[in-house]
file final-v8.cif (mmCIF, C-alpha atoms and all ligand atoms)
data_work
loop_
_atom_site.label_atom_id
_atom_site.label_comp_id
_atom_site.auth_asym_id
_atom_site.auth_seq_id
_atom_site.Cartn_x
_atom_site.Cartn_y
_atom_site.Cartn_z
CA MET A 1 0.00 0.00 0.00
CA THR A 2 1.31 3.43 -0.88
CA VAL A 3 -1.27 5.27 1.23
CA SER A 4 -2.25 4.62 4.84
CA GLU A 5 -5.41 2.63 5.57
CA GLU A 6 -6.78 5.63 7.39
CA THR A 7 -6.41 7.82 4.30
CA LEU A 8 -7.93 5.18 2.08
CA TYR A 9 -10.97 4.78 4.35
CA SER A 10 -11.49 8.51 4.69
CA ILE A 11 -11.55 8.88 0.90
CA ALA A 12 -13.95 5.93 0.68
CA ASN A 13 -16.13 7.64 3.27
CA VAL A 14 -16.16 10.94 1.40
CA LEU A 15 -17.13 9.21 -1.84
CA GLY A 16 -19.43 6.47 -0.58
CA GLY A 17 -20.21 6.91 3.12
CA GLU A 18 -20.07 3.99 5.57
CA GLN A 19 -21.04 1.49 2.88
CA GLY A 20 -18.22 2.80 0.73
CA VAL A 21 -15.77 2.07 3.53
CA GLU A 22 -17.18 -1.47 3.88
CA VAL A 23 -16.71 -2.12 0.16
CA ILE A 24 -13.10 -0.87 0.24
CA LYS A 25 -12.41 -3.05 3.31
CA ALA A 26 -13.83 -6.08 1.53
CA LEU A 27 -11.58 -5.41 -1.49
CA LYS A 28 -8.63 -4.98 0.79
CA ASP A 29 -9.31 -8.40 2.37
CA LYS A 30 -9.80 -10.08 -0.98
CA GLN A 31 -8.43 -8.69 -4.23
CA ASP A 32 -10.20 -9.64 -7.47
CA SER A 33 -13.62 -9.90 -5.87
CA THR A 34 -16.82 -9.99 -7.85
CA VAL A 35 -19.80 -7.81 -6.98
CA GLU A 36 -21.43 -10.90 -5.51
CA ASP A 37 -18.36 -11.65 -3.31
CA ILE A 38 -18.41 -8.11 -1.96
CA SER A 39 -22.15 -8.18 -1.39
CA THR A 40 -21.82 -11.44 0.59
CA ALA A 41 -18.90 -10.12 2.63
CA THR A 42 -20.48 -6.75 3.47
CA LYS A 43 -24.21 -7.66 3.50
CA ILE A 44 -24.74 -4.66 1.19
CA GLN A 45 -27.21 -5.19 -1.67
CA ILE A 46 -25.68 -6.07 -5.02
CA ASN A 47 -27.04 -2.96 -6.77
CA ASP A 48 -25.60 -0.71 -4.08
CA VAL A 49 -22.22 -2.47 -4.25
CA ARG A 50 -22.23 -1.98 -8.02
CA LYS A 51 -23.04 1.74 -7.70
CA LEU A 52 -20.25 2.24 -5.17
CA LEU A 53 -17.75 0.38 -7.34
CA TYR A 54 -18.60 2.55 -10.36
CA LYS A 55 -18.17 5.64 -8.24
CA PHE A 56 -14.75 4.45 -7.04
CA TYR A 57 -13.90 3.45 -10.58
CA ASN A 58 -14.68 6.98 -11.83
CA HIS A 59 -12.23 8.31 -9.27
CA SER A 60 -9.66 5.65 -10.23
CA LEU A 61 -9.61 4.05 -6.77
CA VAL A 62 -10.50 0.61 -8.13
CA THR A 63 -9.99 -1.19 -11.39
CA SER A 64 -11.78 -4.12 -12.97
CA LYS A 65 -10.90 -7.11 -15.09
CA ARG A 66 -13.34 -8.90 -17.34
CA PHE A 67 -13.48 -12.66 -17.95
CA ARG A 68 -15.84 -14.87 -19.88
CA ASP A 69 -17.26 -17.68 -17.79
CA LYS A 70 -16.39 -20.87 -19.69
CA GLU A 71 -19.61 -22.62 -18.71
CA THR A 72 -22.23 -19.90 -19.04
CA GLY A 73 -20.43 -17.72 -21.61
CA TRP A 74 -21.30 -14.65 -19.51
CA PHE A 75 -18.83 -11.94 -18.56
CA ILE A 76 -17.54 -11.88 -15.01
CA PHE A 77 -16.05 -8.69 -13.58
CA GLN A 78 -13.41 -8.81 -10.88
CA TRP A 79 -12.54 -5.71 -8.92
CA ARG A 80 -9.38 -4.69 -7.14
CA LEU A 81 -7.98 -1.68 -5.32
CA GLN A 82 -5.60 0.69 -7.05
CA PRO A 83 -3.53 2.14 -4.21
CA GLU A 84 -1.15 3.95 -6.60
CA LEU A 85 -4.15 5.71 -8.05
CA VAL A 86 -5.43 6.57 -4.60
CA GLU A 87 -2.11 8.32 -4.20
CA ALA A 88 -2.67 10.09 -7.51
CA TYR A 89 -6.12 11.12 -6.34
CA ILE A 90 -4.70 12.72 -3.21
CA HIS A 91 -2.00 14.39 -5.29
CA GLY A 92 -4.68 15.84 -7.58
CA MET A 93 -6.69 17.13 -4.61
CA LYS A 94 -3.61 18.83 -3.18
CA GLN A 95 -2.88 20.47 -6.52
CA LYS A 96 -6.41 21.84 -6.63
CA ILE A 97 -6.08 23.21 -3.10
CA LEU A 98 -2.69 24.70 -3.96
CA LYS A 99 -4.13 26.49 -6.96
CA LYS A 100 -6.97 27.97 -4.88
CA LEU A 101 -4.55 29.14 -2.19
CA GLU A 102 -2.22 30.70 -4.77
CA THR A 103 -5.13 32.54 -6.41
CA ARG A 104 -6.25 33.84 -3.03
CA LEU A 105 -2.69 34.83 -2.13
CA GLU A 106 -2.29 36.79 -5.34
CA PHE A 107 -5.62 38.52 -4.71
CA GLU A 108 -4.55 39.48 -1.18
CA ARG A 109 -1.17 40.73 -2.43
CA LEU A 110 -2.65 42.82 -5.24
CA HIS A 111 -5.47 44.43 -3.30
CA GLU A 112 -5.77 46.87 -0.46
CA PHE A 113 -8.67 46.18 1.86
CA TYR A 114 -10.87 48.56 3.78
CA HIS A 115 -13.29 48.06 6.66
CA CYS A 116 -15.57 50.21 8.79
CA GLY A 117 -14.93 48.30 12.02
CA ASN A 118 -18.51 47.08 12.22
CA PRO A 119 -18.26 43.28 12.71
CA THR A 120 -21.36 42.52 10.63
CA CYS A 121 -20.08 44.40 7.54
CA PRO A 122 -17.86 42.69 4.94
CA LYS A 123 -14.46 44.12 4.07
CA THR A 124 -14.19 45.97 0.76
CA THR A 125 -11.46 46.42 -1.82
CA PHE A 126 -9.73 49.69 -2.68
CA GLU A 127 -11.77 49.89 -5.89
CA VAL A 128 -15.07 49.75 -3.97
CA ALA A 129 -13.78 52.19 -1.34
CA MET A 130 -12.94 54.68 -4.11
CA GLU A 131 -16.47 54.46 -5.50
CA THR A 132 -18.08 55.14 -2.13
CA VAL A 133 -15.52 57.84 -1.23
CA PHE A 134 -14.27 55.68 1.66
CA ARG A 135 -17.63 55.07 3.24
CA CYS A 136 -18.80 51.52 4.08
CA PRO A 137 -21.21 50.41 1.32
CA THR A 138 -23.26 48.54 3.96
CA CYS A 139 -23.55 50.94 6.91
CA GLY A 140 -22.13 54.24 5.62
CA GLU A 141 -19.48 54.59 8.36
CA PRO A 142 -15.97 55.74 7.34
CA LEU A 143 -13.67 53.00 6.03
CA HIS A 144 -10.19 52.32 7.39
CA ARG A 145 -7.30 50.59 5.70
CA LEU A 146 -7.04 46.94 6.79
CA ASP A 147 -3.71 45.27 7.29
CA ASN A 148 -3.67 41.87 5.54
CA VAL A 149 -0.02 41.01 6.33
CA GLU A 150 -1.13 38.17 8.62
CA ILE A 151 -3.41 36.65 5.98
CA VAL A 152 -0.67 36.91 3.35
CA GLU A 153 1.87 35.28 5.68
CA PHE A 154 -0.57 32.51 6.58
CA LEU A 155 -1.31 31.82 2.90
CA GLU A 156 2.39 31.87 2.01
CA LYS A 157 3.08 29.32 4.74
CA LYS A 158 0.26 27.03 3.57
CA VAL A 159 1.36 27.28 -0.08
CA SER A 160 4.95 26.33 0.74
CA GLU A 161 3.78 23.43 2.98
CA ILE A 162 1.65 21.94 0.21
CA LYS A 163 4.38 22.48 -2.38
CA GLU A 164 6.80 20.57 -0.17
CA GLU A 165 4.29 17.73 0.23
CA LEU A 166 3.75 17.57 -3.51
CA GLU A 167 7.47 17.42 -4.20
CA ALA A 168 8.13 14.77 -1.51
ZN ZN A 201 -19.96 49.07 7.72
#
call {"tool": "encode", "arguments": {"input": "final-v8.cif", "output": "structure tokens"}}
result
Amino acid sequence: MTVSEETLYSIANVLGGEQGVEVIKALKDKQDSTVEDISTATKIQINDVRKLLYKFYNHSLVTSKRFRDKETGWFIFQWRLQPELVEAYIHGMKQKILKKLETRLEFERLHEFYHCGNPTCPKTTFEVAMETVFRCPTCGEPLHRLDNVEIVEFLEKKVSEIKEELEA
């Protein structure tokens, strides 16, 4: 396994709830299981097992192999976990988060923010403050320049942490 069990189960839970976790556990116990095997092992209905497997398949957490049953001539599908792809999934998630943080960081760096001091009013950008002649667009009180150094530093720290994790 390239990812911890805990990580694997939490992804399964996000995608498929408690039943999702049960299905992943069953696949972990027995690779190359059929839908019927998993249903028997987890006591989850066959249709629900199938739905969960397709969901995991769409996120590349599981893969399937197809055989033709020599006696009946029907196709049999066997499912197995793809831990390397679970890793790729996490990597992809981190990249998405990184992109969001970088966009936010750039926004914070490029803008000056203003606030009236009233806790229920949102902060405004310099552009908005110019339009209202430095009055709060919500309550009309005078606006003051907000210091966003802490936010910028926090975002910079997060961005470098995630970058390090992605390069590890
Ligand atoms: Zn205000």
call {"tool": "closest_atom_pairs", "arguments": {"input": "final-v8.cif", "of": "chain A", "to": "ligand ZN 201 (chain A)", "cutoff": "9 Å", "atoms": "only C-alpha atoms and all ligand atoms", "output": "CSV"}}
result
residue,atom,partner,partner_atom,distance
A:His115,CA,A:ZN201,ZN,6.8
A:Cys116,CA,A:ZN201,ZN,4.7
A:Gly117,CA,A:ZN201,ZN,6.7
A:Asn118,CA,A:ZN201,ZN,5.1
A:Pro119,CA,A:ZN201,ZN,7.8
A:Thr120,CA,A:ZN201,ZN,7.3
A:Cys121,CA,A:ZN201,ZN,4.7
A:Pro122,CA,A:ZN201,ZN,7.3
A:Lys123,CA,A:ZN201,ZN,8.3
A:Arg135,CA,A:ZN201,ZN,7.8
A:Cys136,CA,A:ZN201,ZN,4.5
A:Pro137,CA,A:ZN201,ZN,6.7
A:Thr138,CA,A:ZN201,ZN,5.0
A:Cys139,CA,A:ZN201,ZN,4.1
A:Gly140,CA,A:ZN201,ZN,6.0
A:Glu141,CA,A:ZN201,ZN,5.6
A:Pro142,CA,A:ZN201,ZN,7.8
A:Leu143,CA,A:ZN201,ZN,7.6
call {"tool": "residues_around", "arguments": {"input": "final-v8.cif", "residues": "stretch 94-106 of chain A", "least_positions_apart": "2", "cutoff": "9 Å", "atoms": "only C-alpha atoms", "output": "number ranges by chain"}}
result
A: 89-92, 108-111, 151-152, 155-156, 158-159, 162-163, 165-166
call {"tool": "closest_residue", "arguments": {"input": "final-v8.cif", "among": "A:Ser160, A:Ser4, A:Gln78, A:Thr125", "to": "A:Glu36", "atoms": "only C-alpha atoms"}}
result
A:Gln78
call {"tool": "atom_distance", "arguments": {"input": "final-v8.cif", "atom1": "atom CA of A:Ala168", "atom2": "atom CA of A:Val3"}}
result
13.6 Å
call {"tool": "atom_distance", "arguments": {"input": "final-v8.cif", "atom1": "atom CA of A:Val49", "atom2": "atom CA of A:Trp79"}}
result
11.2 Å
call {"tool": "residues_near_point", "arguments": {"input": "final-v8.cif", "point": "(-5.6, -8.4, -5.8)", "cutoff": "12 Å", "atoms": "all atoms listed in the file", "output": "ChimeraX atom specification"}}
result
/A:1,26-34,62-65,78-83
call {"tool": "closest_residue", "arguments": {"input": "final-v8.cif", "among": "A:Thr124, A:Thr42, A:Thr72, A:Thr132", "to": "A:Ile24", "atoms": "only C-alpha atoms"}}
result
A:Thr42
call {"tool": "atom_distance", "arguments": {"input": "final-v8.cif", "atom1": "atom CA of A:Gly17", "atom2": "atom CA of A:Leu52"}}
result
9.5 Å
call {"tool": "closest_residue", "arguments": {"input": "final-v8.cif", "among": "A:Val14, A:Leu8, A:Val23, A:Met130", "to": "A:Thr40", "atoms": "all atoms listed in the file"}}
result
A:Val23
call {"tool": "closest_residue", "arguments": {"input": "final-v8.cif", "among": "A:Val86, A:Val35, A:Ile76, A:Ala129", "to": "A:Ala12", "atoms": "all atoms listed in the file"}}
result
A:Val86
call {"tool": "residues_around", "arguments": {"input": "final-v8.cif", "residues": "A:Asp147", "least_positions_apart": "3", "cutoff": "9 Å", "atoms": "all atoms listed in the file", "output": "NGL selection string"}}
result
:A and (112-114 or 150-151)
call {"tool": "write_last_selection", "arguments": {"input": "final-v8.cif", "atoms": "C-alpha atoms", "output": "mmCIF file, keeping the file's coordinate frame"}}
result
data_model
loop_
_atom_site.group_PDB
_atom_site.id
_atom_site.type_symbol
_atom_site.label_atom_id
_atom_site.label_comp_id
_atom_site.auth_asym_id
_atom_site.auth_seq_id
_atom_site.Cartn_x
_atom_site.Cartn_y
_atom_site.Cartn_z
ATOM 1 C CA GLU A 112 -5.770 46.870 -0.460
ATOM 2 C CA PHE A 113 -8.670 46.180 1.860
ATOM 3 C CA TYR A 114 -10.870 48.560 3.780
ATOM 4 C CA GLU A 150 -1.130 38.170 8.620
ATOM 5 C CA ILE A 151 -3.410 36.650 5.980
#
call {"tool": "build_atoms", "arguments": {"input": "final-v8.cif", "residues": "stretch 148-165 of chain A", "atoms": "N, CA, C and O atoms", "output": "compact mmCIF listing (two decimals), in the coordinates of the input"}}
result
# COMPACT_ATOMS: atom_id res chain seq x y z
N ASN A 148 -3.47 43.30 5.83
CA ASN A 148 -3.67 41.87 5.54
C ASN A 148 -2.35 41.09 5.57
O ASN A 148 -2.25 40.00 5.01
N VAL A 149 -1.34 41.66 6.25
CA VAL A 149 -0.02 41.01 6.33
C VAL A 149 -0.16 39.60 6.93
O VAL A 149 0.44 38.64 6.42
N GLU A 150 -0.99 39.49 7.98
CA GLU A 150 -1.13 38.17 8.62
C GLU A 150 -1.74 37.14 7.68
O GLU A 150 -1.32 36.00 7.65
N ILE A 151 -2.76 37.57 6.93
CA ILE A 151 -3.41 36.65 5.98
C ILE A 151 -2.40 36.23 4.91
O ILE A 151 -2.29 35.04 4.58
N VAL A 152 -1.66 37.21 4.39
CA VAL A 152 -0.67 36.91 3.35
C VAL A 152 0.38 35.93 3.89
O VAL A 152 0.70 34.94 3.22
N GLU A 153 0.85 36.18 5.10
CA GLU A 153 1.87 35.28 5.68
C GLU A 153 1.32 33.87 5.89
O GLU A 153 1.99 32.89 5.62
N PHE A 154 0.07 33.80 6.37
CA PHE A 154 -0.57 32.51 6.58
C PHE A 154 -0.69 31.75 5.25
O PHE A 154 -0.34 30.57 5.16
N LEU A 155 -1.14 32.45 4.21
CA LEU A 155 -1.31 31.82 2.90
C LEU A 155 0.04 31.38 2.33
O LEU A 155 0.16 30.29 1.77
N GLU A 156 1.06 32.22 2.50
CA GLU A 156 2.39 31.87 2.01
C GLU A 156 2.90 30.59 2.68
O GLU A 156 3.49 29.72 2.03
N LYS A 157 2.63 30.49 3.99
CA LYS A 157 3.08 29.32 4.74
C LYS A 157 2.38 28.06 4.23
O LYS A 157 3.01 27.03 3.98
N LYS A 158 1.05 28.17 4.05
CA LYS A 158 0.26 27.03 3.57
C LYS A 158 0.73 26.60 2.17
O LYS A 158 0.87 25.41 1.89
N VAL A 159 0.93 27.57 1.30
CA VAL A 159 1.36 27.28 -0.08
C VAL A 159 2.69 26.54 -0.07
O VAL A 159 2.85 25.52 -0.76
N SER A 160 3.64 27.00 0.76
CA SER A 160 4.95 26.33 0.74
C SER A 160 4.85 24.94 1.37
O SER A 160 5.53 24.01 0.94
N GLU A 161 3.97 24.77 2.37
CA GLU A 161 3.78 23.43 2.98
C GLU A 161 3.26 22.44 1.92
O GLU A 161 3.77 21.33 1.80
N ILE A 162 2.23 22.85 1.19
CA ILE A 162 1.65 21.94 0.21
C ILE A 162 2.63 21.67 -0.92
O ILE A 162 2.75 20.54 -1.39
N LYS A 163 3.37 22.69 -1.33
CA LYS A 163 4.38 22.48 -2.38
C LYS A 163 5.41 21.44 -1.94
O LYS A 163 5.79 20.58 -2.73
N GLU A 164 5.84 21.55 -0.69
CA GLU A 164 6.80 20.57 -0.17
C GLU A 164 6.22 19.16 -0.20
O GLU A 164 6.88 18.22 -0.61
N GLU A 165 4.95 19.04 0.23
CA GLU A 165 4.29 17.73 0.23
C GLU A 165 4.19 17.16 -1.18
O GLU A 165 4.37 15.96 -1.39
